[in-house]
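Source file: my_file-v8.pdb; contents: PDB, C-alpha atoms.
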ATOM      1  CA  MET F   7     -78.519  81.931  -4.493
ATOM      2  CA  ALA F   8     -76.487  82.497  -7.656
ATOM      3  CA  PHE F   9     -72.717  82.760  -8.230
ATOM      4  CA  GLU F  10     -71.831  80.632  -5.209
ATOM      5  CA  ASP F  11     -68.444  79.562  -6.553
ATOM      6  CA  LEU F  12     -67.393  83.196  -6.953
ATOM      7  CA  LEU F  13     -68.725  84.165  -3.537
ATOM      8  CA  ASN F  14     -66.738  81.388  -1.865
ATOM      9  CA  ASP F  15     -63.515  83.124  -2.905
ATOM     10  CA  PRO F  16     -62.258  85.150   0.102
ATOM     11  CA  VAL F  17     -60.702  87.799  -2.163
ATOM     12  CA  ILE F  18     -64.038  88.317  -3.916
ATOM     13  CA  GLN F  19     -65.802  88.606  -0.556
ATOM     14  CA  LYS F  20     -63.286  91.235   0.453
ATOM     15  CA  TYR F  21     -63.735  93.026  -2.868
ATOM     16  CA  LEU F  22     -67.518  93.265  -2.454
ATOM     17  CA  HIS F  23     -67.089  94.401   1.136
ATOM     18  CA  GLU F  24     -64.714  97.127  -0.020
ATOM     19  CA  LEU F  25     -67.267  98.360  -2.552
ATOM     20  CA  VAL F  26     -70.520  98.328  -0.578
ATOM     21  CA  GLY F  27     -69.222  98.533   3.010
ATOM     22  CA  PRO F  28     -70.403  96.480   5.982
ATOM     23  CA  GLU F  29     -73.977  97.831   5.777
ATOM     24  CA  GLY F  30     -74.452  96.829   2.163
ATOM     25  CA  MET F  31     -72.779  93.453   2.545
ATOM     26  CA  PRO F  32     -76.005  91.465   3.197
ATOM     27  CA  VAL F  33     -77.257  92.716  -0.198
ATOM     28  CA  ALA F  34     -73.976  92.039  -2.023
ATOM     29  CA  ALA F  35     -73.389  88.628  -0.431
ATOM     30  CA  ALA F  36     -76.717  87.053  -1.396
ATOM     31  CA  PRO F  37     -77.477  87.747  -5.061
ATOM     32  CA  PRO F  38     -80.778  86.063  -5.998
ATOM     33  CA  ASP F  39     -81.334  84.150  -9.225
ATOM     34  CA  GLY F  40     -83.177  86.294 -11.740
ATOM     35  CA  GLU F  41     -84.837  89.625 -11.091
ATOM     36  CA  VAL F  42     -85.695  91.149  -7.742
ATOM     37  CA  THR F  43     -87.095  94.482  -6.570
ATOM     38  CA  ASP F  44     -85.408  96.669  -3.987
ATOM     39  CA  GLU F  45     -88.491  96.310  -1.766
ATOM     40  CA  GLU F  46     -88.316  92.519  -1.903
ATOM     41  CA  LEU F  47     -84.637  92.578  -0.950
ATOM     42  CA  ALA F  48     -85.264  94.958   1.945
ATOM     43  CA  GLU F  49     -87.953  92.686   3.284
ATOM     44  CA  GLN F  50     -86.040  89.436   2.805
ATOM     45  CA  LEU F  51     -82.893  90.833   4.419
ATOM     46  CA  ASP F  52     -84.713  92.919   7.028
ATOM     47  CA  LEU F  53     -82.872  96.085   5.987
ATOM     48  CA  GLU F  54     -83.824  99.715   5.436
ATOM     49  CA  LEU F  55     -84.874 100.354   1.845
ATOM     50  CA  ASN F  56     -82.271 103.117   1.589
ATOM     51  CA  THR F  57     -79.483 100.747   2.635
ATOM     52  CA  VAL F  58     -80.545  98.270  -0.048
ATOM     53  CA  ARG F  59     -80.771 100.993  -2.695
ATOM     54  CA  ARG F  60     -77.351 102.402  -1.824
ATOM     55  CA  ALA F  61     -75.732  98.958  -2.151
ATOM     56  CA  LEU F  62     -77.545  98.242  -5.428
ATOM     57  CA  PHE F  63     -76.448 101.560  -6.864
ATOM     58  CA  ILE F  64     -72.785 100.903  -5.989
ATOM     59  CA  LEU F  65     -73.028  97.482  -7.652
ATOM     60  CA  TYR F  66     -74.611  99.171 -10.678
ATOM     61  CA  GLU F  67     -71.746 101.679 -10.916
ATOM     62  CA  ASN F  68     -69.289  98.764 -10.951
ATOM     63  CA  ASP F  69     -71.157  96.848 -13.683
ATOM     64  CA  LEU F  70     -72.213  94.222 -11.159
ATOM     65  CA  ALA F  71     -75.972  94.891 -11.324
ATOM     66  CA  SER F  72     -78.481  96.408 -13.755
ATOM     67  CA  TYR F  73     -82.155  97.376 -13.511
ATOM     68  CA  ARG F  74     -85.202  97.902 -15.655
ATOM     69  CA  ARG F  75     -88.136 100.073 -14.707
ATOM     70  CA  LEU F  76     -91.778  99.032 -14.851
ATOM     71  CA  ARG F  77     -94.689 101.409 -14.383
ATOM     72  CA  ASP F  78     -97.729 100.092 -12.555
ATOM     73  CA  GLU F  79    -100.616 101.024 -14.820
ATOM     74  CA  ASP F  80    -103.080 101.635 -12.000
ATOM     75  CA  SER F  81    -101.002 103.541  -9.489
ATOM     76  CA  GLY F  82     -98.432 105.025 -11.891
ATOM     77  CA  TRP F  83     -95.655 103.945  -9.495
ATOM     78  CA  LEU F  84     -92.303 102.841 -10.867
ATOM     79  CA  THR F  85     -90.883  99.479  -9.874
ATOM     80  CA  TYR F  86     -87.175  98.763 -10.284
ATOM     81  CA  LEU F  87     -86.331  95.203 -11.200
ATOM     82  CA  TRP F  88     -82.704  94.389 -10.473
ATOM     83  CA  THR F  89     -80.452  91.720 -11.966
ATOM     84  CA  PHE F  90     -77.025  90.876 -10.537
ATOM     85  CA  HIS F  91     -74.118  90.514 -12.986
ATOM     86  CA  TYR F  92     -71.438  88.915 -10.865
ATOM     87  CA  ASP F  93     -70.038  87.181 -13.940
ATOM     88  CA  ASN F  94     -68.277  90.563 -14.452
ATOM     89  CA  ILE F  95     -66.335  90.236 -11.178
ATOM     90  CA  PRO F  96     -63.351  88.355 -12.691
ATOM     91  CA  GLU F  97     -62.887  91.011 -15.422
ATOM     92  CA  ASN F  98     -63.127  93.777 -12.817
ATOM     93  CA  LEU F  99     -60.481  92.103 -10.665
ATOM     94  CA  GLU F 100     -58.273  91.521 -13.687
ATOM     95  CA  ALA F 101     -58.416  95.279 -14.362
ATOM     96  CA  GLU F 102     -57.551  95.913 -10.693
ATOM     97  CA  MET F 103     -54.516  93.636 -11.021
ATOM     98  CA  HIS F 104     -53.319  95.759 -13.954
ATOM     99  CA  ARG F 105     -53.857  98.979 -11.963
ATOM    100  CA  LEU F 106     -51.965  97.543  -9.013
ATOM    101  CA  LEU F 107     -49.102  96.444 -11.282
ATOM    102  CA  ASP F 108     -48.796  99.952 -12.792
ATOM    103  CA  ALA F 109     -48.697 101.513  -9.324
ATOM    104  CA  LEU F 110     -46.117  98.994  -8.091
ATOM    105  CA  GLU F 111     -43.853  99.674 -11.064
ATOM    106  CA  GLU F 112     -43.989 103.429 -10.547
ATOM    107  CA  ARG F 113     -43.470 103.207  -6.787
ATOM    108  CA  GLU F 114     -40.648 100.682  -7.094
ATOM    109  CA  GLU F 115     -38.751 103.090  -9.347
ATOM    110  CA  TYR F 116     -39.239 105.893  -6.786
ATOM    111  CA  GLU F 117     -38.139 103.705  -3.867
ATOM    112  CA  ARG F 118     -35.085 102.484  -5.747
ATOM    113  CA  THR F 119     -33.901 105.943  -6.832
ATOM    114  CA  HIS F 120     -34.361 107.869  -3.572
ATOM    115  CA  GLU F 121     -32.716 107.833  -0.175
ATOM    116  CA  PHE F 122     -34.810 107.951   2.956
ATOM    117  CA  TYR F 123     -34.376 108.994   6.587
ATOM    118  CA  LEU F 124     -36.537 107.891   9.460
ATOM    119  CA  CYS F 125     -37.548 109.351  12.806
ATOM    120  CA  GLU F 126     -37.690 106.196  14.878
ATOM    121  CA  VAL F 127     -39.772 107.923  17.560
ATOM    122  CA  CYS F 128     -42.543 109.263  15.308
ATOM    123  CA  SER F 129     -42.172 106.623  12.548
ATOM    124  CA  ILE F 130     -42.161 109.379   9.937
ATOM    125  CA  ARG F 131     -40.103 108.950   6.790
ATOM    126  CA  PHE F 132     -38.338 111.796   4.973
ATOM    127  CA  GLU F 133     -36.648 111.992   1.588
ATOM    128  CA  PHE F 134     -32.961 112.894   1.727
ATOM    129  CA  GLY F 135     -33.603 116.519   0.655
ATOM    130  CA  GLU F 136     -36.293 117.018   3.281
ATOM    131  CA  ALA F 137     -34.113 115.465   5.982
ATOM    132  CA  MET F 138     -31.263 117.784   5.048
ATOM    133  CA  ASP F 139     -33.581 120.824   5.209
ATOM    134  CA  PHE F 140     -34.498 119.801   8.749
ATOM    135  CA  GLY F 141     -30.806 119.403   9.631
ATOM    136  CA  PHE F 142     -31.415 115.627  10.079
ATOM    137  CA  GLU F 143     -33.615 116.338  13.086
ATOM    138  CA  CYS F 144     -37.271 115.357  13.295
ATOM    139  CA  PRO F 145     -39.429 118.507  12.984
ATOM    140  CA  GLU F 146     -41.970 116.945  15.377
ATOM    141  CA  CYS F 147     -39.822 115.654  18.229
ATOM    142  CA  ALA F 148     -36.257 116.812  17.395
ATOM    143  CA  SER F 149     -34.862 113.250  17.523
ATOM    144  CA  PRO F 150     -32.012 112.561  15.109
ATOM    145  CA  LEU F 151     -33.114 111.160  11.735
ATOM    146  CA  GLU F 152     -31.504 107.847  10.874
ATOM    147  CA  SER F 153     -30.669 106.640   7.386
ATOM    148  CA  MET F 154     -33.260 104.043   6.392
ATOM    149  CA  ASP F 155     -32.697 100.982   4.285
ATOM    150  CA  ASN F 156     -35.658 100.087   2.061
ATOM    151  CA  ASP F 157     -34.128  96.992   0.428
ATOM    152  CA  ARG F 158     -36.693  94.698   1.946
ATOM    153  CA  LEU F 159     -39.554  96.863   0.690
ATOM    154  CA  VAL F 160     -38.068  97.050  -2.804
ATOM    155  CA  GLY F 161     -37.439  93.297  -2.795
ATOM    156  CA  ALA F 162     -41.038  92.537  -1.839
ATOM    157  CA  MET F 163     -42.277  94.925  -4.538
ATOM    158  CA  GLU F 164     -40.089  93.330  -7.202
ATOM    159  CA  GLU F 165     -41.345  89.910  -6.271
ATOM    160  CA  ARG F 166     -44.990  90.954  -6.538
ATOM    161  CA  ILE F 167     -44.326  92.785  -9.823
ATOM    162  CA  ASP F 168     -42.833  89.580 -11.255
ATOM    163  CA  ASP F 169     -45.789  87.516 -10.042
ATOM    164  CA  LEU F 170     -48.336  89.943 -11.500
ATOM    165  CA  ARG F 171     -46.540  90.191 -14.848
ATOM    166  CA  ASP F 172     -46.390  86.438 -15.014
ATOM    167  CA  GLU F 173     -50.065  85.978 -14.114
ATOM    168  CA  LEU F 174     -51.273  88.720 -16.485
ATOM    169  CA  ASN F 175     -48.827  87.788 -19.260
ATOM    170  CA  VAL F 176     -47.515  91.323 -19.394
ATOM    171  CA  ASP F 177     -44.444  91.642 -21.578
ATOM    172  CA  ILE F 178     -41.813  93.695 -19.743
ATOM    173  CA  HIS F 179     -40.728  95.376 -22.965
ATOM    174  CA  ALA F 180     -44.260  96.074 -24.193
TER
ATOM    175  CA  MET Z   1     -71.198  74.949 -11.595
ATOM    176  CA  SER Z   2     -67.925  75.870  -9.910
ATOM    177  CA  ALA Z   3     -64.666  76.100 -11.846
ATOM    178  CA  ALA Z   4     -63.448  72.865 -10.219
ATOM    179  CA  GLU Z   5     -66.623  71.011 -11.211
ATOM    180  CA  ILE Z   6     -66.330  72.292 -14.778
ATOM    181  CA  GLU Z   7     -62.737  71.052 -14.888
ATOM    182  CA  ASP Z   8     -63.796  67.618 -13.644
ATOM    183  CA  SER Z   9     -66.313  67.367 -16.475
ATOM    184  CA  LEU Z  10     -63.656  67.888 -19.186
ATOM    185  CA  SER Z  11     -62.431  65.045 -21.396
ATOM    186  CA  ASP Z  12     -58.739  64.096 -21.161
ATOM    187  CA  ASP Z  13     -57.917  65.973 -24.375
ATOM    188  CA  GLU Z  14     -59.811  69.064 -23.229
ATOM    189  CA  TYR Z  15     -57.982  68.984 -19.921
ATOM    190  CA  ARG Z  16     -54.615  68.681 -21.711
ATOM    191  CA  GLY Z  17     -55.630  71.673 -23.839
ATOM    192  CA  LEU Z  18     -56.548  73.717 -20.775
ATOM    193  CA  GLU Z  19     -53.235  72.883 -19.093
ATOM    194  CA  LEU Z  20     -51.351  73.926 -22.231
ATOM    195  CA  ILE Z  21     -53.177  77.289 -22.362
ATOM    196  CA  ARG Z  22     -52.484  77.852 -18.668
ATOM    197  CA  GLU Z  23     -48.805  76.931 -18.934
ATOM    198  CA  THR Z  24     -48.172  79.120 -21.963
ATOM    199  CA  GLY Z  25     -50.432  81.897 -20.672
ATOM    200  CA  GLY Z  26     -51.813  82.168 -24.210
ATOM    201  CA  ILE Z  27     -51.271  80.405 -27.509
ATOM    202  CA  HIS Z  28     -52.391  80.690 -31.157
ATOM    203  CA  GLN Z  29     -54.857  78.044 -32.202
ATOM    204  CA  SER Z  30     -52.577  77.072 -35.109
ATOM    205  CA  ASP Z  31     -49.856  76.135 -32.584
ATOM    206  CA  PHE Z  32     -52.331  74.723 -30.078
ATOM    207  CA  TRP Z  33     -53.341  71.622 -32.042
ATOM    208  CA  LYS Z  34     -49.753  70.938 -33.101
ATOM    209  CA  GLU Z  35     -48.547  71.055 -29.493
ATOM    210  CA  LEU Z  36     -51.368  68.745 -28.437
ATOM    211  CA  ASP Z  37     -50.517  66.428 -31.332
ATOM    212  CA  VAL Z  38     -54.105  66.260 -32.616
ATOM    213  CA  SER Z  39     -55.654  67.225 -35.963
ATOM    214  CA  SER Z  40     -56.530  70.875 -36.585
ATOM    215  CA  ARG Z  41     -60.207  69.978 -36.651
ATOM    216  CA  LYS Z  42     -59.973  68.220 -33.290
ATOM    217  CA  GLY Z  43     -57.930  71.120 -31.877
ATOM    218  CA  SER Z  44     -60.648  73.494 -32.948
ATOM    219  CA  ARG Z  45     -63.331  71.388 -31.257
ATOM    220  CA  ILE Z  46     -61.302  71.238 -28.027
ATOM    221  CA  ALA Z  47     -60.845  75.021 -28.046
ATOM    222  CA  GLU Z  48     -64.556  75.505 -28.659
ATOM    223  CA  ALA Z  49     -65.490  73.273 -25.718
ATOM    224  CA  LEU Z  50     -63.126  75.235 -23.447
ATOM    225  CA  VAL Z  51     -64.585  78.567 -24.592
ATOM    226  CA  ASP Z  52     -68.114  77.282 -23.950
ATOM    227  CA  SER Z  53     -67.079  76.166 -20.463
ATOM    228  CA  GLY Z  54     -65.913  79.720 -19.684
ATOM    229  CA  LEU Z  55     -62.405  78.529 -18.771
ATOM    230  CA  ILE Z  56     -60.655  80.286 -21.669
ATOM    231  CA  LYS Z  57     -61.101  83.328 -23.927
ATOM    232  CA  ARG Z  58     -60.722  83.211 -27.717
ATOM    233  CA  GLU Z  59     -59.982  86.214 -29.926
ATOM    234  CA  ASP Z  60     -59.575  86.617 -33.679
ATOM    235  CA  THR Z  61     -56.033  87.384 -34.733
ATOM    236  CA  VAL Z  62     -53.648  87.260 -37.678
ATOM    237  CA  TYR Z  63     -50.569  85.095 -37.115
ATOM    238  CA  ASN Z  64     -47.885  84.292 -39.709
ATOM    239  CA  GLY Z  65     -50.164  85.819 -42.326
ATOM    240  CA  HIS Z  66     -53.127  83.582 -41.494
ATOM    241  CA  ASN Z  67     -56.379  84.255 -39.722
ATOM    242  CA  THR Z  68     -56.445  82.236 -36.545
ATOM    243  CA  TYR Z  69     -57.524  82.524 -32.933
ATOM    244  CA  TYR Z  70     -55.570  83.450 -29.840
ATOM    245  CA  LEU Z  71     -56.493  81.306 -26.852
ATOM    246  CA  GLU Z  72     -55.842  82.463 -23.289
ATOM    247  CA  PRO Z  73     -57.046  81.683 -19.772
ATOM    248  CA  ALA Z  74     -60.288  83.440 -18.794
ATOM    249  CA  ALA Z  75     -60.196  86.093 -16.066
ATOM    250  CA  ARG Z  76     -61.921  83.783 -13.568
ATOM    251  CA  ASP Z  77     -58.867  81.572 -13.777
ATOM    252  CA  LEU Z  78     -56.515  84.300 -12.475
ATOM    253  CA  ASP Z  79     -55.013  84.241  -9.001
ATOM    254  CA  PHE Z  80     -56.770  87.180  -7.359
ATOM    255  CA  ARG Z  81     -54.719  86.705  -4.176
ATOM    256  CA  LEU Z  82     -52.074  88.814  -5.896
ATOM    257  CA  LEU Z  83     -54.278  91.810  -4.989
ATOM    258  CA  MET Z  84     -53.698  91.062  -1.299
ATOM    259  CA  ALA Z  85     -50.861  92.063   1.021
ATOM    260  CA  GLY Z  86     -51.373  90.143   4.237
ATOM    261  CA  ASP Z  87     -55.094  90.650   4.846
ATOM    262  CA  MET Z  88     -55.236  93.987   2.997
ATOM    263  CA  LEU Z  89     -56.822  94.334  -0.426
ATOM    264  CA  SER Z  90     -55.345  96.660  -3.070
ATOM    265  CA  PRO Z  91     -56.176 100.199  -1.897
ATOM    266  CA  PHE Z  92     -57.023 101.267  -5.463
ATOM    267  CA  ILE Z  93     -60.229  99.231  -5.541
ATOM    268  CA  GLY Z  94     -63.219 101.552  -5.553
ATOM    269  CA  GLU Z  95     -60.940 104.552  -6.204
ATOM    270  CA  GLU Z  96     -61.049 106.487  -9.468
ATOM    271  CA  GLU Z  97     -57.421 107.614  -9.355
ATOM    272  CA  VAL Z  98     -54.345 105.525  -8.670
ATOM    273  CA  ASP Z  99     -51.790 107.381  -6.531
ATOM    274  CA  PRO Z 100     -48.643 105.247  -6.184
ATOM    275  CA  ARG Z 101     -47.417 107.453  -3.313
ATOM    276  CA  SER Z 102     -50.618 107.500  -1.261
ATOM    277  CA  ASP Z 103     -50.507 106.632   2.441
ATOM    278  CA  SER Z 104     -52.929 103.772   1.937
ATOM    279  CA  PHE Z 105     -50.629 102.247  -0.692
ATOM    280  CA  SER Z 106     -47.623 102.717   1.635
ATOM    281  CA  GLN Z 107     -49.542 100.802   4.287
ATOM    282  CA  TRP Z 108     -50.298  98.055   1.766
ATOM    283  CA  LEU Z 109     -46.579  97.895   0.849
ATOM    284  CA  MET Z 110     -45.542  97.635   4.508
ATOM    285  CA  ASN Z 111     -47.937  94.706   4.819
ATOM    286  CA  LEU Z 112     -46.419  93.156   1.723
ATOM    287  CA  ALA Z 113     -42.834  93.493   2.964
ATOM    288  CA  TYR Z 114     -43.287  92.679   6.644
ATOM    289  CA  GLU Z 115     -46.367  90.518   7.117
ATOM    290  CA  ASP Z 116     -46.379  88.153   4.172
ATOM    291  CA  HIS Z 117     -43.287  86.264   5.235
TER
END
Target encoding structure tokens, full file:
Amino acid sequence: MAFEDLLNDPVIQKYLHELVGPEGMPVAAAPPDGEVTDEELAEQLDLELNTVRRALFILYENDLASYRRLRDEDSGWLTYLWTFHYDNIPENLEAEMHRLLDALEEREEYERTHEFYLCEVCSIRFEFGEAMDFGFECPECASPLESMDNDRLVGAMEERIDDLRDELNVDIHA
Amino acid sequence: MSAAEIEDSLSDDEYRGLELIRETGGIHQSDFWKELDVSSRKGSRIAEALVDSGLIKREDTVYNGHNTYYLEPAARDLDFRLLMAGDMLSPFIGEEEVDPRSDSFSQWLMNLAYEDH
């Protein structure tokens, strides 16, 4: 099996699982060295051909696999020969870290500049304006809405934003 | 070879170079050899060995009016655990659009604030 050092990383395992789902995981978790056909994989892994093809196609969409087609000269059938490109995983995850950082920055600003009210019975959160419209009563259960402190949330977000900026060498003023 | 095995195979000077690139997060090659206190030719050979090992990236750049290289850690060297909150992975993975106010991101943030500590 190829790319063992990458596949030992629990975050990378989780990433592949997120992409291909539990059904496709046997395909994603055992990339062979060199080329392989979808039929060979299905047989080796004892999976439906469709399951194998679905997983391969998701990997292809994420730049983690490519194929070339060969036509059998006698039968005219097409064979797909697949190659795994897991060396692209680190770049993909780096891009995901940037996307997460952008989202955290935007959400942190929203959390910091708004006031929130909570229905402690339904665990539903309302912005101040919404809560006022409902007369500070939960529209679901009519319990009183309580002012909610999100300092801990904002603090955790700020910490992760700092860590990501540091790891990605993002200049705050850039 | 795993990243740890590659690191073990580095010479002392190469390892010092790698540490410097990691600590700075990125450095111009013209500063790199000065910081390491080696000749420019030796600095260039160290950088080349680190690029070949896949541990760093090297890009052409202009710095103080000279053509040089910018050296930075390769993506495989990043701490991908920063995508996790508790046992949850960033909800934007596999999604085309990033919605900072989505329910799945709120769930991720709750994990971050209340389960990490």
Quick check on the file I pasted: which residues fall under the ChimeraX specification (/Z :<9) & /F? Write them as a ChimeraX atom specification. /F:9-12,16-18,20-21,24-25,68,93,95-100,102-103,105-106,108-113,158-163,166,169-170,172-175
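With distances taken over all atoms listed in the file, Z:Gln29 is the one residue among Z:Arg45, Z:Tyr15, Z:Gln29, Z:Ser39 lying closest to Glu59 of chain Z.
For the pair atom CA of Leu55 of chain Z and atom CA of Ile167 of chain F, the separation is 24.7 Å.
One finds atom CA of Cys128 of chain F at 10.0 Å from atom CA of Pro145 of chain F.
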For the structure provided, state which residues fall under the PyMOL selection byres ((chain F and resi 45-56) around 10), and present them as a ChimeraX atom specification. /F:29-30,32-33,36-38,42-44,57-62,85-88
Who sits within 9 Å of segment 134-144 of chain F, only C-alpha atoms, same chain under 6 positions skipped, as a PDB file with C-alpha atoms, in the frame of the given file:
ATOM      1  CA  HIS F 120     -34.361 107.869  -3.572  1.00  0.00           C
ATOM      2  CA  GLU F 121     -32.716 107.833  -0.175  1.00  0.00           C
ATOM      3  CA  PHE F 122     -34.810 107.951   2.956  1.00  0.00           C
ATOM      4  CA  TYR F 123     -34.376 108.994   6.587  1.00  0.00           C
ATOM      5  CA  LEU F 124     -36.537 107.891   9.460  1.00  0.00           C
ATOM      6  CA  CYS F 125     -37.548 109.351  12.806  1.00  0.00           C
ATOM      7  CA  VAL F 127     -39.772 107.923  17.560  1.00  0.00           C
ATOM      8  CA  CYS F 128     -42.543 109.263  15.308  1.00  0.00           C
ATOM      9  CA  PRO F 150     -32.012 112.561  15.109  1.00  0.00           C
ATOM     10  CA  LEU F 151     -33.114 111.160  11.735  1.00  0.00           C
ATOM     11  CA  GLU F 152     -31.504 107.847  10.874  1.00  0.00           C
ATOM     12  CA  SER F 153     -30.669 106.640   7.386  1.00  0.00           C
TER      13      SER F 153
END
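Distance-wise, atom CA of Leu36 of chain Z and atom CA of Asp12 of chain Z end up 11.4 Å apart.
Among F:Ser72, F:Ser129, F:Thr119, F:Asn14, the residue with the shortest atom-to-atom distance to Thr89 of chain F, counting only C-alpha atoms, is F:Ser72.
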Evaluate the PyMOL selection byres ((chain Z and resi 48) around 12) here and jot the selected residues down as a PDB file with C-alpha atoms, in the coordinates of the input.
ATOM      1  CA  GLU Z  14     -59.811  69.064 -23.229  1.00  0.00           C
ATOM      2  CA  GLY Z  17     -55.630  71.673 -23.839  1.00  0.00           C
ATOM      3  CA  LEU Z  18     -56.548  73.717 -20.775  1.00  0.00           C
ATOM      4  CA  GLN Z  29     -54.857  78.044 -32.202  1.00  0.00           C
ATOM      5  CA  ARG Z  41     -60.207  69.978 -36.651  1.00  0.00           C
ATOM      6  CA  LYS Z  42     -59.973  68.220 -33.290  1.00  0.00           C
ATOM      7  CA  GLY Z  43     -57.930  71.120 -31.877  1.00  0.00           C
ATOM      8  CA  SER Z  44     -60.648  73.494 -32.948  1.00  0.00           C
ATOM      9  CA  ARG Z  45     -63.331  71.388 -31.257  1.00  0.00           C
ATOM     10  CA  ILE Z  46     -61.302  71.238 -28.027  1.00  0.00           C
ATOM     11  CA  ALA Z  47     -60.845  75.021 -28.046  1.00  0.00           C
ATOM     12  CA  ALA Z  49     -65.490  73.273 -25.718  1.00  0.00           C
ATOM     13  CA  LEU Z  50     -63.126  75.235 -23.447  1.00  0.00           C
ATOM     14  CA  VAL Z  51     -64.585  78.567 -24.592  1.00  0.00           C
ATOM     15  CA  ASP Z  52     -68.114  77.282 -23.950  1.00  0.00           C
ATOM     16  CA  SER Z  53     -67.079  76.166 -20.463  1.00  0.00           C
ATOM     17  CA  GLY Z  54     -65.913  79.720 -19.684  1.00  0.00           C
ATOM     18  CA  LEU Z  55     -62.405  78.529 -18.771  1.00  0.00           C
ATOM     19  CA  ILE Z  56     -60.655  80.286 -21.669  1.00  0.00           C
ATOM     20  CA  LYS Z  57     -61.101  83.328 -23.927  1.00  0.00           C
ATOM     21  CA  ARG Z  58     -60.722  83.211 -27.717  1.00  0.00           C
ATOM     22  CA  GLU Z  59     -59.982  86.214 -29.926  1.00  0.00           C
ATOM     23  CA  TYR Z  69     -57.524  82.524 -32.933  1.00  0.00           C
ATOM     24  CA  LEU Z  71     -56.493  81.306 -26.852  1.00  0.00           C
TER      25      LEU Z  71
END
Could you name the residues that touch Ala34 of chain F at 10 Å or less, counting all atoms listed in the file, but leaving out those on the same chain fewer than 6 positions away, as an MDAnalysis selection string? chainID F and resid 13 19 22:23 25:28 58 61:62 64:65 70:71 90 92
Nearest to His28 of chain Z, restricted to all atoms listed in the file and choosing among Z:Tyr70, Z:Ser40, Z:Glu7, Z:Asp13, comes out as Z:Tyr70
Would you compute, for all listed atoms of segment 35-51 of chain Z, the axis-aligned bounding box grown by 4 Å on each side, and then report its centre and edge lengths in Å rounded to one decimal, as JSON?
{"center_x": -57.0, "center_y": 72.4, "center_z": -30.0, "size_x": 24.9, "size_y": 20.3, "size_z": 21.2}
Incomplete segment 85-97 of chain Z brought to N, CA and C atoms, written out as a short mmCIF file (atom, residue, chain, number, x, y, z; two decimals), in the coordinates of the input:
data_model
loop_
_atom_site.label_atom_id
_atom_site.label_comp_id
_atom_site.auth_asym_id
_atom_site.auth_seq_id
_atom_site.Cartn_x
_atom_site.Cartn_y
_atom_site.Cartn_z
N ALA Z 85 -52.12 92.01 0.27
CA ALA Z 85 -50.86 92.06 1.02
C ALA Z 85 -51.25 91.75 2.45
N GLY Z 86 -50.84 90.59 2.95
CA GLY Z 86 -51.37 90.14 4.24
C GLY Z 86 -52.89 90.04 4.10
N ASP Z 87 -53.64 90.71 4.98
CA ASP Z 87 -55.09 90.65 4.85
C ASP Z 87 -55.66 91.94 4.24
N MET Z 88 -54.79 92.73 3.60
CA MET Z 88 -55.24 93.99 3.00
C MET Z 88 -55.41 93.85 1.49
N LEU Z 89 -56.54 94.34 1.01
CA LEU Z 89 -56.82 94.33 -0.43
C LEU Z 89 -56.21 95.58 -1.06
N SER Z 90 -55.89 95.50 -2.35
CA SER Z 90 -55.34 96.66 -3.07
C SER Z 90 -56.14 97.92 -2.74
N PRO Z 91 -55.46 98.99 -2.31
CA PRO Z 91 -56.18 100.20 -1.90
C PRO Z 91 -56.78 100.96 -3.08
N PHE Z 92 -56.51 100.54 -4.30
CA PHE Z 92 -57.02 101.27 -5.46
C PHE Z 92 -58.43 100.82 -5.85
N ILE Z 93 -58.89 99.73 -5.23
CA ILE Z 93 -60.23 99.23 -5.54
C ILE Z 93 -61.27 100.22 -5.02
N GLY Z 94 -62.19 100.59 -5.92
CA GLY Z 94 -63.22 101.55 -5.55
C GLY Z 94 -62.76 102.99 -5.66
N GLU Z 95 -61.48 103.20 -6.04
CA GLU Z 95 -60.94 104.55 -6.20
C GLU Z 95 -60.82 104.86 -7.69
N GLU Z 96 -61.16 106.09 -8.06
CA GLU Z 96 -61.05 106.49 -9.47
C GLU Z 96 -59.59 106.62 -9.87
N GLU Z 97 -58.81 107.31 -9.02
CA GLU Z 97 -57.42 107.61 -9.36
C GLU Z 97 -56.48 106.66 -8.64
#
